[in-house]
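Trainee: The structure that follows is given in the form of structure tokens.
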Amino acid sequence: MALAAVLGGRWMAQAGVTLITHGLNGNADGWVQSMGFAIPASVHFPGTNYSGYRLAFTSSNGNYYLTATRVAGLVPAATDSGEIVLALDWRQLADGHSYDTYQVAAAVTPALLSSNFISELEGHALAEFPLHLIGHSRGGSLAAEICRQLGTNGVWVDQLTTLDPHPLNDPAFPLDGLLYSAKDAPAETYVNVLFHDNYWQDFSWPVNGKSVFGAYVRKLTNLDGGYSSAHSDVHLWYHGTIDFQVPTSDSEASLTATERANWWTGNEAQGQQIGFAYSLIGGGDRTSTTQPVGPGFAMIREGYNQWWDLGAGTGNNRTALPGNNGDWPNVIKFNRINTNQVALGAALPVQFYYQWAQPETELATLKLYLDADTNPFNTNQVLLQEIVIPGTGAATVNHAAMNLTVTATNIAPGFYRVLAQIIAGDHSRHLYAPEEVEMIEALTLLRLAITSLNAAQFQIGVTGPTGQTVILESSDDLQTWTPLATNQLADGHWEFIHTLSTFITNQFYRVVLP
């Protein structure tokens, strides 16, 4: 299973906005807040600090309004991770009668899209970041409906995680109508969701969850211990994929060594290679054919968007949106094409998938940066290139590749992240490539391999950064050097055969830059 590695060229954790929410008659005081606090302490977290907010409803003149209060960490512009964790508390609306999840989502979605909802974001909207929505029980319905409403505004959601989703009065739960009048939004996987993972159980009747089509579905079959309630144990199980301590607590129940041994399969490594491992922060390969439960069970890639070919093939595993007004442009997926070190002045190849549901005659701007961290709002990134890209329409996702060039005048050697920002009108979104890049001095990556073919011929292999132009020179006294050939390393390697015109006792070779 591909998880974050350790050195240059690695797949690195990426940050964004993670929203966690509860279900029926719940609140964000206990496990929701505890899960939020666990995220910046996870082993894969891409920084040393973050911003944590509590979203809650307040009542005024009979109406409810969503508010945000920072409860942990620093203001967003001061963090190195760029991660924002939101604990969504909708307790006043969660009794199963007063409001359904369509209505609650209709209050939350505009806040995510607003540039003034959180004043500490200084005019930025939460939707500018990659979004990961995590919902338990009715919260799974709420998270899915937020995804749908975001999609109608043109916003892609990087990840939806449903924990024992239980939309009230869903056809799967016929007994709900005896107790509750609210009819919740379905837990669907919409076309604007890149990856959906769903964890559920069906042995705590009548409070069961459900399998959701289009997700990577992991049915949990052993949840002894914990809360002694399998429905609640599902979110404790997921907490255990963020916090690996033994024992650990979500402030309401504990995971001991016994649960660690029994709740996960061997492939899941007691929670370390499942669940949160497939978030942007966890860094797992979501297009993987890995089957964590074993042969015959679901592959991770089954939760990856296959409506378009984004790396996991194609298939009808998403629910269409009722519409898409194209307000927001999206870089959906952004990668370095290779993971080698890059010399200053050499090419840095990248590729990206994007969607902006506007006609091709409309133009958006794509800006590409090197950044020393994963926060696009702390202004320490360096612009490498800016291009204009056309609208795609709602029925298409475009793919493109390009070479970036990093000059020594604006970048020092070191480790960086590559950042893509797409801008259309007054809306923009950001996405970091998961592969870190090590920028090095131009000469430190050029290598020669010399092989004697016979008494008069030598084969010289030159290895270096793709796109780098080099000059091969020879000398018989190390004083006078003669150019032999010039070549651009199209694929990072070049073979040259030098035939000597006369017998020479000593022959030396070197490679230099133009």
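We label chains A, B, ... in the order they appear in the structure tokens, count residues from 1 in each chain, and number ligands from 1 in the order shown.
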Excluding region 85-94 of chain A and residues on its chain fewer than 2 positions from it, collect all residues at most 7 Å away from it, counting only C-alpha atoms, and give them as a PDB file with N, CA, C and O atoms, in the first residue's frame.

Mentor:
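Generated file (out-v3.pdb):
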ATOM      1  N   VAL A  17      -9.090  21.787   4.115  1.00  0.00           N
ATOM      2  CA  VAL A  17     -10.117  21.970   5.133  1.00  0.00           C
ATOM      3  C   VAL A  17     -10.741  20.617   5.419  1.00  0.00           C
ATOM      4  O   VAL A  17     -11.206  19.930   4.505  1.00  0.00           O
ATOM      5  N   THR A  18     -10.737  20.219   6.687  1.00  0.00           N
ATOM      6  CA  THR A  18     -11.401  18.999   7.132  1.00  0.00           C
ATOM      7  C   THR A  18     -12.584  19.383   8.010  1.00  0.00           C
ATOM      8  O   THR A  18     -12.399  20.055   9.024  1.00  0.00           O
ATOM      9  N   LEU A  19     -13.781  18.983   7.613  1.00  0.00           N
ATOM     10  CA  LEU A  19     -14.996  19.250   8.386  1.00  0.00           C
ATOM     11  C   LEU A  19     -15.509  17.940   8.953  1.00  0.00           C
ATOM     12  O   LEU A  19     -15.683  16.964   8.223  1.00  0.00           O
ATOM     13  N   ILE A  20     -15.752  17.926  10.282  1.00  0.00           N
ATOM     14  CA  ILE A  20     -16.216  16.726  10.976  1.00  0.00           C
ATOM     15  C   ILE A  20     -17.546  17.055  11.636  1.00  0.00           C
ATOM     16  O   ILE A  20     -17.679  18.110  12.285  1.00  0.00           O
ATOM     17  N   THR A  21     -18.520  16.152  11.510  1.00  0.00           N
ATOM     18  CA  THR A  21     -19.806  16.436  12.133  1.00  0.00           C
ATOM     19  C   THR A  21     -20.491  15.168  12.633  1.00  0.00           C
ATOM     20  O   THR A  21     -20.161  14.050  12.236  1.00  0.00           O
ATOM     21  N   GLY A  23     -24.299  13.239  14.308  1.00  0.00           N
ATOM     22  CA  GLY A  23     -25.599  12.845  13.793  1.00  0.00           C
ATOM     23  C   GLY A  23     -26.737  13.192  14.722  1.00  0.00           C
ATOM     24  O   GLY A  23     -26.713  14.232  15.399  1.00  0.00           O
ATOM     25  N   LEU A  24     -27.731  12.314  14.787  1.00  0.00           N
ATOM     26  CA  LEU A  24     -28.967  12.532  15.521  1.00  0.00           C
ATOM     27  C   LEU A  24     -28.705  12.877  16.988  1.00  0.00           C
ATOM     28  O   LEU A  24     -28.006  12.142  17.701  1.00  0.00           O
ATOM     29  N   ASN A  25     -29.247  14.016  17.440  1.00  0.00           N
ATOM     30  CA  ASN A  25     -29.156  14.437  18.843  1.00  0.00           C
ATOM     31  C   ASN A  25     -27.716  14.514  19.353  1.00  0.00           C
ATOM     32  O   ASN A  25     -27.469  14.426  20.557  1.00  0.00           O
ATOM     33  N   GLY A  26     -26.780  14.681  18.447  1.00  0.00           N
ATOM     34  CA  GLY A  26     -25.382  14.759  18.851  1.00  0.00           C
ATOM     35  C   GLY A  26     -24.920  16.192  19.026  1.00  0.00           C
ATOM     36  O   GLY A  26     -25.689  17.152  18.969  1.00  0.00           O
ATOM     37  N   ASN A  27     -23.613  16.341  19.219  1.00  0.00           N
ATOM     38  CA  ASN A  27     -22.987  17.654  19.327  1.00  0.00           C
ATOM     39  C   ASN A  27     -21.501  17.488  19.050  1.00  0.00           C
ATOM     40  O   ASN A  27     -21.023  16.370  18.828  1.00  0.00           O
ATOM     41  N   ALA A  28     -20.787  18.588  19.061  1.00  0.00           N
ATOM     42  CA  ALA A  28     -19.353  18.543  18.751  1.00  0.00           C
ATOM     43  C   ALA A  28     -18.477  18.638  19.989  1.00  0.00           C
ATOM     44  O   ALA A  28     -17.280  18.886  19.885  1.00  0.00           O
ATOM     45  N   VAL A  32     -16.272  14.495  18.265  1.00  0.00           N
ATOM     46  CA  VAL A  32     -16.023  15.322  17.082  1.00  0.00           C
ATOM     47  C   VAL A  32     -14.822  16.227  17.326  1.00  0.00           C
ATOM     48  O   VAL A  32     -13.888  16.296  16.512  1.00  0.00           O
ATOM     49  N   GLN A  33     -14.845  16.932  18.457  1.00  0.00           N
ATOM     50  CA  GLN A  33     -13.733  17.825  18.777  1.00  0.00           C
ATOM     51  C   GLN A  33     -12.451  17.041  18.986  1.00  0.00           C
ATOM     52  O   GLN A  33     -11.367  17.457  18.560  1.00  0.00           O
ATOM     53  N   GLY A  36     -10.934  16.123  15.735  1.00  0.00           N
ATOM     54  CA  GLY A  36     -10.288  17.299  15.157  1.00  0.00           C
ATOM     55  C   GLY A  36      -8.938  17.575  15.765  1.00  0.00           C
ATOM     56  O   GLY A  36      -7.967  17.908  15.062  1.00  0.00           O
ATOM     57  N   SER A  51      -5.126  25.525  12.139  1.00  0.00           N
ATOM     58  CA  SER A  51      -6.194  26.380  12.637  1.00  0.00           C
ATOM     59  C   SER A  51      -7.418  25.513  12.903  1.00  0.00           C
ATOM     60  O   SER A  51      -7.858  24.775  12.021  1.00  0.00           O
ATOM     61  N   GLY A  52      -7.964  25.584  14.123  1.00  0.00           N
ATOM     62  CA  GLY A  52      -9.132  24.790  14.480  1.00  0.00           C
ATOM     63  C   GLY A  52     -10.312  25.681  14.826  1.00  0.00           C
ATOM     64  O   GLY A  52     -10.189  26.597  15.648  1.00  0.00           O
ATOM     65  N   TYR A  53     -11.455  25.430  14.192  1.00  0.00           N
ATOM     66  CA  TYR A  53     -12.655  26.246  14.407  1.00  0.00           C
ATOM     67  C   TYR A  53     -13.833  25.364  14.791  1.00  0.00           C
ATOM     68  O   TYR A  53     -13.950  24.221  14.345  1.00  0.00           O
ATOM     69  N   ARG A  54     -14.693  25.931  15.599  1.00  0.00           N
ATOM     70  CA  ARG A  54     -15.964  25.307  15.929  1.00  0.00           C
ATOM     71  C   ARG A  54     -17.057  26.071  15.193  1.00  0.00           C
ATOM     72  O   ARG A  54     -17.178  27.300  15.333  1.00  0.00           O
ATOM     73  N   LEU A  55     -17.840  25.362  14.385  1.00  0.00           N
ATOM     74  CA  LEU A  55     -18.975  25.960  13.701  1.00  0.00           C
ATOM     75  C   LEU A  55     -20.232  25.591  14.488  1.00  0.00           C
ATOM     76  O   LEU A  55     -20.470  24.410  14.762  1.00  0.00           O
ATOM     77  N   ALA A  56     -21.012  26.577  14.848  1.00  0.00           N
ATOM     78  CA  ALA A  56     -22.198  26.330  15.657  1.00  0.00           C
ATOM     79  C   ALA A  56     -23.310  27.280  15.246  1.00  0.00           C
ATOM     80  O   ALA A  56     -23.057  28.360  14.694  1.00  0.00           O
ATOM     81  N   PHE A  57     -24.536  26.871  15.527  1.00  0.00           N
ATOM     82  CA  PHE A  57     -25.699  27.689  15.205  1.00  0.00           C
ATOM     83  C   PHE A  57     -26.117  28.518  16.417  1.00  0.00           C
ATOM     84  O   PHE A  57     -26.154  28.021  17.545  1.00  0.00           O
ATOM     85  N   GLU A  83      -3.574  23.683   7.155  1.00  0.00           N
ATOM     86  CA  GLU A  83      -4.748  22.889   7.491  1.00  0.00           C
ATOM     87  C   GLU A  83      -5.716  23.666   8.387  1.00  0.00           C
ATOM     88  O   GLU A  83      -5.316  24.313   9.359  1.00  0.00           O
ATOM     89  N   GLY A  96     -34.325  15.266  14.855  1.00  0.00           N
ATOM     90  CA  GLY A  96     -35.035  14.329  13.997  1.00  0.00           C
ATOM     91  C   GLY A  96     -36.417  14.783  13.590  1.00  0.00           C
ATOM     92  O   GLY A  96     -37.114  14.068  12.868  1.00  0.00           O
ATOM     93  N   SER A  98     -37.318  18.792  13.775  1.00  0.00           N
ATOM     94  CA  SER A  98     -37.360  20.215  13.436  1.00  0.00           C
ATOM     95  C   SER A  98     -36.787  20.497  12.053  1.00  0.00           C
ATOM     96  O   SER A  98     -37.341  21.297  11.292  1.00  0.00           O
ATOM     97  N   TYR A  99     -35.664  19.857  11.751  1.00  0.00           N
ATOM     98  CA  TYR A  99     -34.955  20.152  10.505  1.00  0.00           C
ATOM     99  C   TYR A  99     -34.439  18.862   9.895  1.00  0.00           C
ATOM    100  O   TYR A  99     -34.077  17.918  10.608  1.00  0.00           O
TER     101      TYR A  99
END

Trainee: Looking only at the backbone, which of the residues in region 243-485 of chain A does DSSP tag as helix (DSSP H, G or I), as a PDB file with N, CA and C atoms, in the first residue's frame?

Mentor:
ATOM      1  N   ALA A 257      -5.420  -2.135  23.506  1.00  0.00           N
ATOM      2  CA  ALA A 257      -4.695  -3.102  22.686  1.00  0.00           C
ATOM      3  C   ALA A 257      -5.621  -4.188  22.155  1.00  0.00           C
ATOM      4  N   THR A 258      -6.672  -4.503  22.900  1.00  0.00           N
ATOM      5  CA  THR A 258      -7.616  -5.535  22.459  1.00  0.00           C
ATOM      6  C   THR A 258      -8.345  -5.100  21.194  1.00  0.00           C
ATOM      7  N   GLU A 259      -8.877  -3.858  21.200  1.00  0.00           N
ATOM      8  CA  GLU A 259      -9.553  -3.356  20.000  1.00  0.00           C
ATOM      9  C   GLU A 259      -8.575  -3.230  18.836  1.00  0.00           C
ATOM     10  N   ARG A 260      -7.357  -2.785  19.118  1.00  0.00           N
ATOM     11  CA  ARG A 260      -6.349  -2.685  18.047  1.00  0.00           C
ATOM     12  C   ARG A 260      -6.138  -4.038  17.381  1.00  0.00           C
ATOM     13  N   ALA A 261      -6.120  -5.077  18.150  1.00  0.00           N
ATOM     14  CA  ALA A 261      -5.849  -6.408  17.601  1.00  0.00           C
ATOM     15  C   ALA A 261      -7.045  -6.975  16.848  1.00  0.00           C
ATOM     16  N   ASN A 262      -8.268  -6.590  17.240  1.00  0.00           N
ATOM     17  CA  ASN A 262      -9.453  -7.268  16.721  1.00  0.00           C
ATOM     18  C   ASN A 262     -10.249  -6.479  15.685  1.00  0.00           C
ATOM     19  N   GLY A 266      -5.184  -7.757   9.057  1.00  0.00           N
ATOM     20  CA  GLY A 266      -3.731  -7.667   9.024  1.00  0.00           C
ATOM     21  C   GLY A 266      -3.240  -6.637   8.026  1.00  0.00           C
ATOM     22  N   ASN A 267      -3.903  -6.553   6.859  1.00  0.00           N
ATOM     23  CA  ASN A 267      -3.513  -5.568   5.848  1.00  0.00           C
ATOM     24  C   ASN A 267      -3.711  -4.140   6.326  1.00  0.00           C
ATOM     25  N   GLU A 268      -4.622  -3.951   7.258  1.00  0.00           N
ATOM     26  CA  GLU A 268      -4.917  -2.606   7.756  1.00  0.00           C
ATOM     27  C   GLU A 268      -3.988  -2.171   8.879  1.00  0.00           C
ATOM     28  N   ALA A 269      -3.118  -3.087   9.324  1.00  0.00           N
ATOM     29  CA  ALA A 269      -2.049  -2.757  10.278  1.00  0.00           C
ATOM     30  C   ALA A 269      -2.585  -2.029  11.511  1.00  0.00           C
ATOM     31  N   GLN A 270      -3.610  -2.617  12.135  1.00  0.00           N
ATOM     32  CA  GLN A 270      -4.206  -2.061  13.354  1.00  0.00           C
ATOM     33  C   GLN A 270      -4.630  -0.599  13.174  1.00  0.00           C
ATOM     34  N   GLY A 271      -5.100  -0.277  11.972  1.00  0.00           N
ATOM     35  CA  GLY A 271      -5.633   1.055  11.708  1.00  0.00           C
ATOM     36  C   GLY A 271      -4.686   2.008  11.022  1.00  0.00           C
ATOM     37  N   GLY A 275      -8.632   3.935   6.390  1.00  0.00           N
ATOM     38  CA  GLY A 275      -9.296   5.100   6.957  1.00  0.00           C
ATOM     39  C   GLY A 275      -8.583   6.393   6.606  1.00  0.00           C
ATOM     40  N   PHE A 276      -8.121   7.108   7.614  1.00  0.00           N
ATOM     41  CA  PHE A 276      -7.503   8.417   7.413  1.00  0.00           C
ATOM     42  C   PHE A 276      -6.223   8.338   6.579  1.00  0.00           C
ATOM     43  N   ALA A 277      -5.657   7.145   6.437  1.00  0.00           N
ATOM     44  CA  ALA A 277      -4.473   6.981   5.582  1.00  0.00           C
ATOM     45  C   ALA A 277      -4.756   7.407   4.154  1.00  0.00           C
ATOM     46  N   TYR A 278      -6.032   7.406   3.736  1.00  0.00           N
ATOM     47  CA  TYR A 278      -6.377   7.757   2.363  1.00  0.00           C
ATOM     48  C   TYR A 278      -6.912   9.179   2.227  1.00  0.00           C
ATOM     49  N   ILE A 300      -9.469  -0.219  -2.920  1.00  0.00           N
ATOM     50  CA  ILE A 300      -9.492   1.199  -2.566  1.00  0.00           C
ATOM     51  C   ILE A 300      -9.995   2.042  -3.735  1.00  0.00           C
ATOM     52  N   ARG A 301      -9.562   1.743  -4.939  1.00  0.00           N
ATOM     53  CA  ARG A 301      -9.893   2.566  -6.095  1.00  0.00           C
ATOM     54  C   ARG A 301     -11.388   2.583  -6.414  1.00  0.00           C
ATOM     55  N   GLU A 302     -12.162   1.666  -5.827  1.00  0.00           N
ATOM     56  CA  GLU A 302     -13.593   1.678  -6.072  1.00  0.00           C
ATOM     57  C   GLU A 302     -14.257   2.955  -5.561  1.00  0.00           C
ATOM     58  N   GLY A 303     -13.591   3.649  -4.634  1.00  0.00           N
ATOM     59  CA  GLY A 303     -14.128   4.906  -4.146  1.00  0.00           C
ATOM     60  C   GLY A 303     -13.662   6.121  -4.916  1.00  0.00           C
ATOM     61  N   ALA A 442      22.797  23.297 -10.014  1.00  0.00           N
ATOM     62  CA  ALA A 442      22.720  22.731 -11.355  1.00  0.00           C
ATOM     63  C   ALA A 442      23.714  21.605 -11.605  1.00  0.00           C
ATOM     64  N   LEU A 443      24.921  21.702 -11.069  1.00  0.00           N
ATOM     65  CA  LEU A 443      25.951  20.734 -11.407  1.00  0.00           C
ATOM     66  C   LEU A 443      25.899  19.472 -10.564  1.00  0.00           C
ATOM     67  N   THR A 444      25.197  19.501  -9.455  1.00  0.00           N
ATOM     68  CA  THR A 444      25.320  18.384  -8.529  1.00  0.00           C
ATOM     69  C   THR A 444      24.629  17.116  -9.002  1.00  0.00           C
ATOM     70  N   LEU A 445      23.802  17.198 -10.031  1.00  0.00           N
ATOM     71  CA  LEU A 445      23.138  15.993 -10.503  1.00  0.00           C
ATOM     72  C   LEU A 445      23.721  15.434 -11.796  1.00  0.00           C
TER      73      LEU A 445
END

Trainee: Pick from A:Ile387, A:Ala449, A:Leu168, A:Leu131: nearest to Ile497 (chain A), with only C-alpha atoms counted?

Mentor: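 Under the stated criterion, the closest residue is A:Ala449.
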
Trainee: Just to confirm, what's the straight-line distance from CA of Phe458 (chain A) to CA of Asn506 (chain A) in Å (one decimal)?

Mentor: 12.2 Å

Trainee: So, counting only C-alpha atoms, which residue among A:Thr265, A:Thr241, A:Ser229, A:Asn375 is closest to Leu121 (chain A)?

Mentor: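 With only C-alpha atoms as the atom set, the closest residue is A:Asn375.
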
Trainee: At a cut-off of 12 Å, using only C-alpha atoms, what residues contact Leu453 (chain A)? Leave out same-chain residues fewer than 3 positions from it and give the result as a ChimeraX atom specification.

Mentor: /A:450,456-460,496-500

Trainee: In Å, with one decimal, what is the gap from CA of Ile411 (chain A) to CA of Arg447 (chain A)?

Mentor: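 Distance between the two atoms: 23.0 Å.
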
Trainee: For Ser232 (chain A), which residue out of A:Gln351, A:Asn208, A:Gln479, A:Asn378 is the nearest one, using only C-alpha atoms?

Mentor: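 Selected residue with least distance to Ser232 (chain A): A:Asn208.
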